[in-house]
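**Q** If you scroll down you'll find the structure; I have some questions about it.
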Amino acid sequence: APFKALGALFKGAEEAQFIDFAPGSAALDPVAAERLAALGKSLAPKPDLRLEVPLGVDASLDGAALGEARFQRELQAAMRKTLLGRKGSDETMPVPAFETLPPEQQDQVLTALYTRLAGTEPAVPEPAEPADGLSRKEARAQAEQARLQWLEKESRARAIADPGDLEQLGQQRGAAVQAALLSGTGLPPERVFLVRDGKVAASEQQVRFELAVK
């Protein structure tokens, strides 16, 4: 295998074949960047070899990470609008953490969030009958909690990753790997190819790119 053959050239050549990214991120860790630089230097004097770098994402891991990031962005926007009104457009104005808000304000924020994501006001199901022995206050608090949980769950379900964001993430990862291979290594850019049909897969809760030497 080509990468096994490169193992004689520098320590860590075989490991350089695999690049792991955190879900939702295009950042290279320092060890990976170092290995890629060494790989670029080792390939530079071998004009008959070229390197293929995949472009891509793992739909499950990256989709969940980008969906969560979108949920948090949309939640912040709903909080700014609900709590600050017209001043919400001023990014310097601080907003408290959602968890610290009283239930009635959490309800207002989540209702605004759901409406923003769904394009319609929420139709929250009627709460279950309270258990025997609960006071009115306890039953009210239980119903309130059930409403908040429903609003958050349904809002999260609608805060899905945008296909364009997934596409951009795949491109950014490929570009990051390519830059690490080329920066100061002497490897000509025309020998590094970004390919859409390369190997990208989940590996221990990371997204793994497998490079190919041709």
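The chains in the structure tokens are called A, B, ... from first to last as shown; in each chain the residues are counted from 1, and the ligands are counted from 1 in the order shown.
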May I have the residues within 12 Å of A:Ala128 as a compact mmCIF listing (two decimals) with C-alpha atoms, in the first residue's frame, using only C-alpha atoms and disregarding those fewer than 6 positions away in the same chain?
**A**
```txt
# COMPACT_ATOMS: atom_id res chain seq x y z
CA ALA A 139 -50.32 20.40 39.16
CA ARG A 140 -49.89 23.84 37.57
CA GLN A 142 -46.19 20.08 36.32
CA ALA A 143 -48.32 21.27 33.38
CA GLU A 144 -46.04 24.27 32.91
CA GLN A 145 -42.97 22.00 32.81
CA ALA A 146 -44.63 19.66 30.31
CA ARG A 147 -45.42 22.64 28.05
```
**Q** Kindly assemble as CSV a list of the stretch 121-200 of chain A residues that lie within 10 Å of stretch 65-69 of chain A, each paired with its nearest atom pair and their distance in Å to one decimal, using only C-alpha atoms, sorted first by chain and then by ascending residue number.
**A**
```
residue,atom,partner,partner_atom,distance
A:Arg156,CA,A:Glu68,CA,7.6
A:Ala157,CA,A:Gly67,CA,8.8
A:Arg158,CA,A:Gly67,CA,8.7
A:Ala159,CA,A:Gly67,CA,5.6
A:Ile160,CA,A:Gly67,CA,4.5
A:Ala161,CA,A:Gly67,CA,4.5
A:Asp162,CA,A:Gly67,CA,8.0
A:Asp165,CA,A:Leu66,CA,7.8
A:Leu166,CA,A:Leu66,CA,7.9
A:Leu169,CA,A:Leu66,CA,9.5
```
**Q** Go ahead and dump the residues you just picked, all heavy atoms, as a PDB file, in the first residue's frame.
**A**
```
ATOM      1  N   ARG A 156     -36.253  21.936  18.748  1.00  0.00           N
ATOM      2  CA  ARG A 156     -35.019  21.226  18.365  1.00  0.00           C
ATOM      3  C   ARG A 156     -35.233  20.386  17.103  1.00  0.00           C
ATOM      4  O   ARG A 156     -34.357  20.305  16.236  1.00  0.00           O
ATOM      5  CB  ARG A 156     -34.546  20.323  19.514  1.00  0.00           C
ATOM      6  CG  ARG A 156     -33.876  21.069  20.645  1.00  0.00           C
ATOM      7  CD  ARG A 156     -33.333  20.098  21.693  1.00  0.00           C
ATOM      8  NE  ARG A 156     -32.687  20.811  22.779  1.00  0.00           N
ATOM      9  CZ  ARG A 156     -31.443  21.278  22.753  1.00  0.00           C
ATOM     10  NH1 ARG A 156     -30.702  21.089  21.673  1.00  0.00           N
ATOM     11  NH2 ARG A 156     -30.938  21.912  23.782  1.00  0.00           N
ATOM     12  N   ALA A 157     -36.402  19.763  17.013  1.00  0.00           N
ATOM     13  CA  ALA A 157     -36.696  18.914  15.853  1.00  0.00           C
ATOM     14  C   ALA A 157     -36.729  19.729  14.562  1.00  0.00           C
ATOM     15  O   ALA A 157     -36.504  19.185  13.475  1.00  0.00           O
ATOM     16  CB  ALA A 157     -38.019  18.195  16.053  1.00  0.00           C
ATOM     17  N   ARG A 158     -37.001  21.020  14.677  1.00  0.00           N
ATOM     18  CA  ARG A 158     -37.087  21.882  13.494  1.00  0.00           C
ATOM     19  C   ARG A 158     -35.792  22.637  13.218  1.00  0.00           C
ATOM     20  O   ARG A 158     -35.637  23.207  12.132  1.00  0.00           O
ATOM     21  CB  ARG A 158     -38.256  22.872  13.656  1.00  0.00           C
ATOM     22  CG  ARG A 158     -39.605  22.189  13.488  1.00  0.00           C
ATOM     23  CD  ARG A 158     -40.749  23.007  14.050  1.00  0.00           C
ATOM     24  NE  ARG A 158     -42.040  22.375  13.749  1.00  0.00           N
ATOM     25  CZ  ARG A 158     -42.510  21.291  14.381  1.00  0.00           C
ATOM     26  NH1 ARG A 158     -41.802  20.744  15.365  1.00  0.00           N
ATOM     27  NH2 ARG A 158     -43.667  20.768  14.045  1.00  0.00           N
ATOM     28  N   ALA A 159     -34.883  22.650  14.181  1.00  0.00           N
ATOM     29  CA  ALA A 159     -33.605  23.350  13.995  1.00  0.00           C
ATOM     30  C   ALA A 159     -32.592  22.393  13.371  1.00  0.00           C
ATOM     31  O   ALA A 159     -31.583  22.036  13.979  1.00  0.00           O
ATOM     32  CB  ALA A 159     -33.091  23.883  15.337  1.00  0.00           C
ATOM     33  N   ILE A 160     -32.897  21.969  12.144  1.00  0.00           N
ATOM     34  CA  ILE A 160     -32.019  20.990  11.487  1.00  0.00           C
ATOM     35  C   ILE A 160     -30.924  21.705  10.711  1.00  0.00           C
ATOM     36  O   ILE A 160     -31.046  22.876  10.367  1.00  0.00           O
ATOM     37  CB  ILE A 160     -32.826  20.060  10.557  1.00  0.00           C
ATOM     38  CG1 ILE A 160     -33.580  20.881   9.503  1.00  0.00           C
ATOM     39  CG2 ILE A 160     -33.790  19.200  11.361  1.00  0.00           C
ATOM     40  CD1 ILE A 160     -34.308  20.039   8.481  1.00  0.00           C
ATOM     41  N   ALA A 161     -29.851  20.976  10.452  1.00  0.00           N
ATOM     42  CA  ALA A 161     -28.728  21.546   9.710  1.00  0.00           C
ATOM     43  C   ALA A 161     -29.153  21.889   8.290  1.00  0.00           C
ATOM     44  O   ALA A 161     -29.844  21.121   7.627  1.00  0.00           O
ATOM     45  CB  ALA A 161     -27.567  20.557   9.691  1.00  0.00           C
ATOM     46  N   ASP A 162     -28.742  23.045   7.834  1.00  0.00           N
ATOM     47  CA  ASP A 162     -29.010  23.451   6.463  1.00  0.00           C
ATOM     48  C   ASP A 162     -28.079  22.678   5.520  1.00  0.00           C
ATOM     49  O   ASP A 162     -26.883  22.572   5.792  1.00  0.00           O
ATOM     50  CB  ASP A 162     -28.758  24.961   6.332  1.00  0.00           C
ATOM     51  CG  ASP A 162     -29.168  25.494   4.986  1.00  0.00           C
ATOM     52  OD1 ASP A 162     -28.386  25.309   4.033  1.00  0.00           O
ATOM     53  OD2 ASP A 162     -30.248  26.079   4.874  1.00  0.00           O
ATOM     54  N   ASP A 165     -24.950  24.403   4.752  1.00  0.00           N
ATOM     55  CA  ASP A 165     -23.946  24.434   5.822  1.00  0.00           C
ATOM     56  C   ASP A 165     -23.116  23.141   5.823  1.00  0.00           C
ATOM     57  O   ASP A 165     -21.911  23.162   6.073  1.00  0.00           O
ATOM     58  CB  ASP A 165     -24.620  24.620   7.188  1.00  0.00           C
ATOM     59  CG  ASP A 165     -25.196  26.013   7.356  1.00  0.00           C
ATOM     60  OD1 ASP A 165     -24.779  26.924   6.608  1.00  0.00           O
ATOM     61  OD2 ASP A 165     -26.073  26.195   8.220  1.00  0.00           O
ATOM     62  N   LEU A 166     -23.783  22.009   5.565  1.00  0.00           N
ATOM     63  CA  LEU A 166     -23.065  20.730   5.490  1.00  0.00           C
ATOM     64  C   LEU A 166     -22.099  20.732   4.309  1.00  0.00           C
ATOM     65  O   LEU A 166     -20.949  20.292   4.420  1.00  0.00           O
ATOM     66  CB  LEU A 166     -24.052  19.571   5.374  1.00  0.00           C
ATOM     67  CG  LEU A 166     -24.819  19.220   6.647  1.00  0.00           C
ATOM     68  CD1 LEU A 166     -26.012  18.324   6.329  1.00  0.00           C
ATOM     69  CD2 LEU A 166     -23.909  18.534   7.666  1.00  0.00           C
ATOM     70  N   LEU A 169     -19.143  22.889   5.165  1.00  0.00           N
ATOM     71  CA  LEU A 169     -18.268  22.234   6.130  1.00  0.00           C
ATOM     72  C   LEU A 169     -17.346  21.237   5.428  1.00  0.00           C
ATOM     73  O   LEU A 169     -16.146  21.180   5.706  1.00  0.00           O
ATOM     74  CB  LEU A 169     -19.104  21.530   7.203  1.00  0.00           C
ATOM     75  CG  LEU A 169     -18.338  20.718   8.250  1.00  0.00           C
ATOM     76  CD1 LEU A 169     -17.407  21.621   9.054  1.00  0.00           C
ATOM     77  CD2 LEU A 169     -19.320  20.002   9.183  1.00  0.00           C
TER      78      LEU A 169
END
```
**Q** Once DSSP has gone over the backbone, tell me which residues of chain A are in strand (DSSP E), as a PyMOL selection string.
**A** chain A and resi 18-21+51-54+192-195+199-203+206-210+212-213
**Q** Which residues are close to A:Lys199, i.e. within 7 Å by only C-alpha atoms, leaving aside same-chain residues fewer than 6 positions away? Reply as a CSV table (one decimal) with N, CA and C atoms, in the first residue's frame.
**A**
```
chain,number,residue,atom,x,y,z
A,54,PRO,N,-10.4,13.8,0.4
A,54,PRO,CA,-11.9,13.8,0.3
A,54,PRO,C,-12.5,15.1,0.8
A,209,PHE,N,-11.5,11.4,7.7
A,209,PHE,CA,-11.1,11.5,6.3
A,209,PHE,C,-10.0,10.5,6.0
A,210,GLU,N,-10.1,9.8,5.0
A,210,GLU,CA,-9.0,8.9,4.6
A,210,GLU,C,-8.4,9.4,3.3
```
**Q** Can you list, as a list of chain:residue names, every protein, DNA or RNA residue that comes within 10 Å of A:Gln178 when you count only C-alpha atoms, leaving out same-chain residues fewer than 5 positions away?
**A**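 Once the nearby chain positions are removed, what remains is A:Leu36, A:Ala37, A:Gly40, A:Leu51, A:Glu52, A:Val53, A:Pro54, A:Gln172, A:Arg173, A:Ser183, A:Pro189, A:Val192, A:Phe193, A:Leu194.
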**Q** Keeping only C-alpha atoms, write the selected residues as a PDB file, in the first residue's frame.
**A**
```pdb
ATOM      1  CA  LEU A  36       0.204  16.460   7.070  1.00  0.00           C
ATOM      2  CA  ALA A  37       3.161  18.848   6.767  1.00  0.00           C
ATOM      3  CA  GLY A  40       3.676  16.980   2.086  1.00  0.00           C
ATOM      4  CA  LEU A  51      -2.650  12.805  -3.232  1.00  0.00           C
ATOM      5  CA  GLU A  52      -6.433  12.712  -3.104  1.00  0.00           C
ATOM      6  CA  VAL A  53      -8.183  14.543  -0.244  1.00  0.00           C
ATOM      7  CA  PRO A  54     -11.896  13.801   0.292  1.00  0.00           C
ATOM      8  CA  GLN A 172     -13.716  23.758   4.551  1.00  0.00           C
ATOM      9  CA  ARG A 173     -12.316  20.455   5.801  1.00  0.00           C
ATOM     10  CA  SER A 183       2.130  25.219   3.396  1.00  0.00           C
ATOM     11  CA  PRO A 189      -0.666  22.292  -5.558  1.00  0.00           C
ATOM     12  CA  VAL A 192      -3.211  17.522  -4.432  1.00  0.00           C
ATOM     13  CA  PHE A 193      -6.764  16.803  -5.579  1.00  0.00           C
ATOM     14  CA  LEU A 194      -9.970  17.459  -3.662  1.00  0.00           C
TER      15      LEU A 194
END
```
**Q** Can you pull out the residues contacting A:Ser155? Cut-off 12 Å, using only C-alpha atoms, and skip same-chain residues under 3 positions away; I want them as a PyMOL selection string.
**A** chain A and resi 67-68+70-72+74-75+78+109-122+124+148-152+158-160
**Q** Go ahead and write the selection's residues with C-alpha atoms as a PDB file, in the first residue's frame.
**A**
```
ATOM      1  CA  GLY A  67     -28.388  21.274  14.158  1.00  0.00           C
ATOM      2  CA  GLU A  68     -27.470  21.924  17.787  1.00  0.00           C
ATOM      3  CA  ARG A  70     -28.406  26.292  14.798  1.00  0.00           C
ATOM      4  CA  PHE A  71     -30.741  25.667  17.751  1.00  0.00           C
ATOM      5  CA  GLN A  72     -28.451  27.677  20.044  1.00  0.00           C
ATOM      6  CA  GLU A  74     -31.952  30.640  17.039  1.00  0.00           C
ATOM      7  CA  LEU A  75     -32.517  30.451  20.813  1.00  0.00           C
ATOM      8  CA  ALA A  78     -35.425  34.559  20.225  1.00  0.00           C
ATOM      9  CA  VAL A 109     -38.831  32.654  24.480  1.00  0.00           C
ATOM     10  CA  LEU A 110     -39.613  29.075  23.421  1.00  0.00           C
ATOM     11  CA  THR A 111     -42.944  30.121  21.923  1.00  0.00           C
ATOM     12  CA  ALA A 112     -41.150  32.799  19.875  1.00  0.00           C
ATOM     13  CA  LEU A 113     -38.471  30.266  18.916  1.00  0.00           C
ATOM     14  CA  TYR A 114     -40.981  27.637  17.792  1.00  0.00           C
ATOM     15  CA  THR A 115     -42.951  30.221  15.795  1.00  0.00           C
ATOM     16  CA  ARG A 116     -39.740  31.421  14.109  1.00  0.00           C
ATOM     17  CA  LEU A 117     -38.701  27.873  13.141  1.00  0.00           C
ATOM     18  CA  ALA A 118     -42.104  26.423  12.252  1.00  0.00           C
ATOM     19  CA  GLY A 119     -43.635  29.505  10.653  1.00  0.00           C
ATOM     20  CA  THR A 120     -46.739  29.094  12.781  1.00  0.00           C
ATOM     21  CA  GLU A 121     -47.703  29.409  16.431  1.00  0.00           C
ATOM     22  CA  PRO A 122     -47.416  26.229  18.511  1.00  0.00           C
ATOM     23  CA  VAL A 124     -49.235  22.550  22.516  1.00  0.00           C
ATOM     24  CA  LEU A 148     -41.812  23.897  28.196  1.00  0.00           C
ATOM     25  CA  GLN A 149     -40.469  20.422  27.425  1.00  0.00           C
ATOM     26  CA  TRP A 150     -42.785  20.085  24.426  1.00  0.00           C
ATOM     27  CA  LEU A 151     -41.802  23.500  23.067  1.00  0.00           C
ATOM     28  CA  GLU A 152     -38.082  22.765  23.399  1.00  0.00           C
ATOM     29  CA  ARG A 158     -37.087  21.882  13.494  1.00  0.00           C
ATOM     30  CA  ALA A 159     -33.605  23.350  13.995  1.00  0.00           C
ATOM     31  CA  ILE A 160     -32.019  20.990  11.487  1.00  0.00           C
TER      32      ILE A 160
END
```
**Q** If you measure from atom CA of A:Ala59 to atom CA of A:Glu154, what distance in Å do you get, rounded to one decimal?
**A**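 So the answer is 20.5 Å.
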**Q** Could you tell me how far atom CA of A:Pro23 sits from atom CA of A:Ala64, in Å to one decimal place?
**A**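 That distance, rounded to one decimal, is 8.1 Å.
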**Q** Write down as a ChimeraX atom specification the residues of stretch 84-214 of chain A whose backbone DSSP state falls under helix (DSSP H, G or I).
**A** /A:84-89,98-100,103-118,136-158,163-182,189-191
**Q** Can you work out which one of A:Gly56, A:Glu15, A:Asp132, A:Leu181 has the shortest atom-to-atom distance to A:Arg196, counting only C-alpha atoms?
**A**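 Looking at the shortest contact to A:Arg196, the residue is A:Gly56.
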**Q** Between A:Val200, A:Ala180, A:Leu134, A:Leu187, which one has atoms that come closest to A:Lys46, using only C-alpha atoms?
**A**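 The shortest atom-to-atom distance to A:Lys46 comes from A:Leu187.
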**Q** Can you pull out every residue within 12 Å of A:Met93, counting only C-alpha atoms, but drop anything in the same chain fewer than 6 positions away, and send it as a PyMOL selection string?
**A** chain A and resi 76+79-81+83-87
**Q** Only N, CA and C atoms, please: the residues just picked out, written as a PDB file, in the first residue's frame.
**A**
```pdb
ATOM      1  N   GLN A  76     -30.754  32.127  20.978  1.00  0.00           N
ATOM      2  CA  GLN A  76     -30.206  33.434  21.346  1.00  0.00           C
ATOM      3  C   GLN A  76     -30.989  34.559  20.663  1.00  0.00           C
ATOM      4  N   MET A  79     -34.294  34.969  22.340  1.00  0.00           N
ATOM      5  CA  MET A  79     -34.128  35.604  23.652  1.00  0.00           C
ATOM      6  C   MET A  79     -33.916  37.109  23.495  1.00  0.00           C
ATOM      7  N   ARG A  80     -33.095  37.491  22.525  1.00  0.00           N
ATOM      8  CA  ARG A  80     -32.814  38.915  22.335  1.00  0.00           C
ATOM      9  C   ARG A  80     -34.104  39.656  21.960  1.00  0.00           C
ATOM     10  N   LYS A  81     -34.874  39.035  21.060  1.00  0.00           N
ATOM     11  CA  LYS A  81     -36.109  39.681  20.608  1.00  0.00           C
ATOM     12  C   LYS A  81     -37.141  39.747  21.726  1.00  0.00           C
ATOM     13  N   LEU A  83     -36.708  39.358  25.159  1.00  0.00           N
ATOM     14  CA  LEU A  83     -36.327  40.029  26.407  1.00  0.00           C
ATOM     15  C   LEU A  83     -35.910  41.479  26.215  1.00  0.00           C
ATOM     16  N   LEU A  84     -35.316  41.790  25.049  1.00  0.00           N
ATOM     17  CA  LEU A  84     -34.762  43.127  24.841  1.00  0.00           C
ATOM     18  C   LEU A  84     -35.582  43.981  23.889  1.00  0.00           C
ATOM     19  N   GLY A  85     -36.517  43.367  23.163  1.00  0.00           N
ATOM     20  CA  GLY A  85     -37.337  44.146  22.229  1.00  0.00           C
ATOM     21  C   GLY A  85     -36.495  44.809  21.163  1.00  0.00           C
ATOM     22  N   ARG A  86     -36.684  46.091  20.962  1.00  0.00           N
ATOM     23  CA  ARG A  86     -35.956  46.830  19.921  1.00  0.00           C
ATOM     24  C   ARG A  86     -34.458  46.846  20.170  1.00  0.00           C
ATOM     25  N   LYS A  87     -34.082  46.760  21.435  1.00  0.00           N
ATOM     26  CA  LYS A  87     -32.649  46.775  21.755  1.00  0.00           C
ATOM     27  C   LYS A  87     -31.972  45.450  21.404  1.00  0.00           C
TER      28      LYS A  87
END
```
**Q** Hey, can you check how far atom CA of A:Leu39 sits from atom CA of A:Val207?
**A**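 These atoms are spaced 20.3 Å apart.
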**Q** Give me the residues near A:Leu55 as a count of residues only, where near means some atom within 6 Å (using only C-alpha atoms) and where sequence neighbours in that chain fewer than 5 positions away do not count.
**A** 5
